[in-house]
Amino acid sequence: MREQELIVYRKFEDGQLLHDMCRLMEYDKEVTRELMYDCIHRLIDLAGHYGFYGNLWHCYLANLLVNNENSYSLGCEIRGAIDGTINEAVLHDIEIFKEFYDYDFAPMCEELGIAEYALIEKYQSSFAESKVYNTRICARICELAEKFCQNHTPQEMKDTLTQFYKEYGVGKLGLHKSFRVERDENGVHINPILNIAHVKLDDLVGYEIPKKKLTDNTDAFVAGKKANNCLLYGDAGTGKSSCIKAIANQYYDQGLRIIEIYKHQFKDLNDVISQIKNRNYKFIIYMDDLSFEEFEIEYKYLKAVIEGGLEKKPNNVLIYATSNRRHLIRENFSDKEEIREDMHTGDTVQEKLSLVARFGVSIYFGAPSKKEFDQIVVALAQRNGIDMPQEDLLLEANKWELSHGGRTGRTAQQFIDYLLGK
């Protein structure tokens with residue numbers, strides 16, 4: 001069978017369906033009818049799982065190619081075409097995939113009386129069905145499948161695939177923007193987050209100076225220049241976490257990926273970094289609402305990873321954290337008292353301050369003044385099409401913030417949501 005002649009593109013996650021479709025191409029009448037119905041069933045099942053539409057056979061093939069991590073696809077991710085003999089081996093494989101794309105099952109199905117094959121040639125799928133991809137990723141794979149059909153030669157098809165790797169990458173790290181870390185009996189896994197909020201930096205009204213500091217550092221990072229770990233600290237509800245979500249959206253096309261990790265997972269940081277350090281993407285390890293009580297020692301893992309361990313932190317990894325605490329670790333007045341159980345008071349203080357010192361950039365997000373809060377409310381109201389006299393709008397907004405946590409960007413957004421709900 002032709003799929004067994006592949007050289008570079010092997011070990012597909014769902015390769016059994018490819019094997020069975022190749023069996024159909026050999027057209028053994030004794031097995032073809034039953035197997036065809038089984039393959040139709042599995043392709044429709046995949047459509048529900050992945051959200052595919054159009055020609056499901058072609059979408060399945062495209063999905064195999066964009067998820068297969070091999071020496072060629074990993075070399076091309078974000079960077080584009082590479083040199084070497086590997087190109088000849090890949091072209092050999094693409095010639096086989098071109099045969100798969102060009103194969104016409106219609107005569108076989110007509111002879112066997114299988115009219116249902118037409119269902120998978122122009123399939124209409126509900127995006128809400130997808131359990132693996134969001135609509136953006138699903139659309140890209142389906143569009144790639146259509147582009148492959150327009151390619152006249154294997155070389156054109158290879159060029160199209162290489163361009164996809166350059167623009168988006170390969171596998172889960174290429175297709176998705178953000179990830180979380182999970183551990184099971186098989187080890188530490190970096191799994192995609194499917195539903196990330198589509199926040200943009202321009203959506204965050206105010207805080208222009210903090211946003212500029214954050215984007216300047218991130219610009220340098222994605223450009224391959226020297227950049228620092230960032231700590232975003234300040235009052236609650238001022239947009240620290242929203243800024244991180246916004247840069248995940250803004251810099252995705254430049255190869256930036258965000259990995260969210262929680263305090264109890266810090267012991268897994270070395271495993272996470274080992275999985276990503278040789279990839280062509282830029283990674284921000286994101287720690288939300290970071291702070292430590294006196295009895296919590298997880299910060300020691302973090303200190304070693306940021307700076308201080310024997311192994312150098314990879315150039316494609318930065319750490320961004322948000323916190324309501326400037327120094328991250330809870331401090332007491334007793335830390336500075338002359339008489340206390342700890343004989344070396346200065347050492348204790350330095351131990352607690354040494355973590356925040358390893359964040360090269362600290363960005364303060366403070367609660368807005370009344371004037372700034374009013375500006376945020378007016379801007380959000382205009383953006384959401386709320387037609388209300390400005391005097392009445394601000395009067396109601398001030399009443400709202402008095403009973404809902406004070407003047408913050410979050411409070412302003414909640415007030416606008418309240419008006420929209422009415």
# chains A, B, ... in the order shown; residues from 1 in each chain; ligands from 1
>>> select_by_dssp(residues="range 50-264 of chain A", states="strand (DSSP E or B)", output="list in words")
Gly54, Tyr123, Ser178, Phe179, Arg180, Val181, Glu182, Arg183, Asp184, Gly187, Val188, His189, Ile190, Asn191, Pro192, Cys230, Leu231, Leu232, Tyr233, Gly234, Leu256, Arg257, Ile258, Ile259 and Glu260 of chain A
>>> residues_around(residues="range 313-320 of chain A", least_positions_apart="2", cutoff="9 Å", atoms="only C-alpha atoms", output="count of residues only")
32
>>> residues_around(residues="Leu394 in chain A", least_positions_apart="5", cutoff="9 Å", atoms="only C-alpha atoms", output="ChimeraX atom specification")
/A:374,377-378,389,399
>>> write_last_selection(atoms="N, CA and C atoms", output="PDB file, in the first residue's frame")
ATOM      1  N   ASP A 374     -14.051  57.690  34.762  1.00  0.00           N
ATOM      2  CA  ASP A 374     -15.129  58.207  33.916  1.00  0.00           C
ATOM      3  C   ASP A 374     -14.782  58.051  32.437  1.00  0.00           C
ATOM      4  N   VAL A 377     -15.375  54.447  31.442  1.00  0.00           N
ATOM      5  CA  VAL A 377     -16.816  54.153  31.317  1.00  0.00           C
ATOM      6  C   VAL A 377     -17.364  54.709  30.007  1.00  0.00           C
ATOM      7  N   VAL A 378     -17.021  55.957  29.686  1.00  0.00           N
ATOM      8  CA  VAL A 378     -17.518  56.579  28.449  1.00  0.00           C
ATOM      9  C   VAL A 378     -17.024  55.819  27.226  1.00  0.00           C
ATOM     10  N   PRO A 389     -27.398  59.632  27.920  1.00  0.00           N
ATOM     11  CA  PRO A 389     -26.754  60.919  28.218  1.00  0.00           C
ATOM     12  C   PRO A 389     -25.539  60.713  29.124  1.00  0.00           C
ATOM     13  N   LYS A 399     -22.433  55.387  41.140  1.00  0.00           N
ATOM     14  CA  LYS A 399     -23.237  54.628  42.110  1.00  0.00           C
ATOM     15  C   LYS A 399     -22.819  53.163  42.107  1.00  0.00           C
TER      16      LYS A 399
END
>>> closest_residue(among="A:Asn67, A:Ser362, A:Asn55, A:Ser323", to="Ala145 in chain A", atoms="only C-alpha atoms")
A:Asn55
>>> atom_distance(atom1="CA of Leu61 in chain A", atom2="CA of Ile94 in chain A")
11.1 Å
>>> closest_atom_pairs(of="range 101-133 of chain A", to="range 186-209 of chain A", cutoff="9 Å", atoms="only C-alpha atoms", output="CSV")
residue,atom,partner,partner_atom,distance
A:Lys131,CA,A:Leu194,CA,8.5
A:Val132,CA,A:Leu194,CA,7.3
A:Tyr133,CA,A:Leu194,CA,6.5
>>> select_by_dssp(residues="range 95-173 of chain A", states="helix (DSSP H, G or I)", output="MDAnalysis selection string")
chainID A and resid 95:102 106:112 115:120 127:129 135:150 154:168 171:173
>>> closest_residue(among="A:Gln16, A:Asn217, A:Asn398, A:Gln124", to="Gly360 in chain A", atoms="only C-alpha atoms")
A:Asn217
>>> closest_atom_pairs(of="range 116-221 of chain A", to="range 41-51 of chain A", cutoff="12 Å", atoms="only C-alpha atoms", output="tab-separated table")
residue	atom	partner	partner_atom	distance
A:Glu116	CA	A:His41	CA	10.2
A:Tyr117	CA	A:His41	CA	10.0
A:Ala118	CA	A:Ile44	CA	11.7
A:Leu119	CA	A:Ile44	CA	8.6
A:Ile120	CA	A:Ile44	CA	7.0
A:Glu121	CA	A:Leu43	CA	10.4
A:Lys122	CA	A:Ile44	CA	11.3
A:Tyr123	CA	A:Ile44	CA	8.4
A:Gln124	CA	A:Ala47	CA	9.1
A:Ser125	CA	A:Gly51	CA	6.2
A:Ser126	CA	A:Gly51	CA	6.6
A:Phe127	CA	A:Gly51	CA	5.3
A:Ala128	CA	A:Gly51	CA	7.5
A:Glu129	CA	A:Gly48	CA	5.3
A:Ser130	CA	A:Gly51	CA	4.4
A:Lys131	CA	A:His49	CA	5.3
A:Val132	CA	A:Tyr50	CA	5.4
A:Tyr133	CA	A:Tyr50	CA	5.9
A:Asn134	CA	A:Gly51	CA	8.1
A:Thr135	CA	A:Gly51	CA	7.6
A:Arg136	CA	A:Gly51	CA	10.5
A:Ile137	CA	A:Gly51	CA	9.5
A:Cys138	CA	A:Gly51	CA	6.2
A:Ala139	CA	A:Gly51	CA	8.7
A:Arg140	CA	A:Gly51	CA	11.3
A:Ile141	CA	A:Tyr50	CA	10.1
A:Cys142	CA	A:Gly51	CA	9.4
A:Leu194	CA	A:Tyr50	CA	11.8
>>> closest_residue(among="A:Ala367, A:Leu144, A:Ala304, A:Ile261", to="Gly234 in chain A", atoms="only C-alpha atoms")
A:Ala367
>>> atom_distance(atom1="CA of Gly385 in chain A", atom2="CA of Ala412 in chain A")
15.0 Å
>>> closest_residue(among="A:Ala220, A:Leu91, A:Ile386, A:Leu420", to="Leu161 in chain A", atoms="only C-alpha atoms")
A:Leu91
>>> residues_around(residues="range 96-110 of chain A", least_positions_apart="2", cutoff="7 Å", atoms="only C-alpha atoms", output="PyMOL selection string")
chain A and resi 2+58+92-94+112-115+149+154
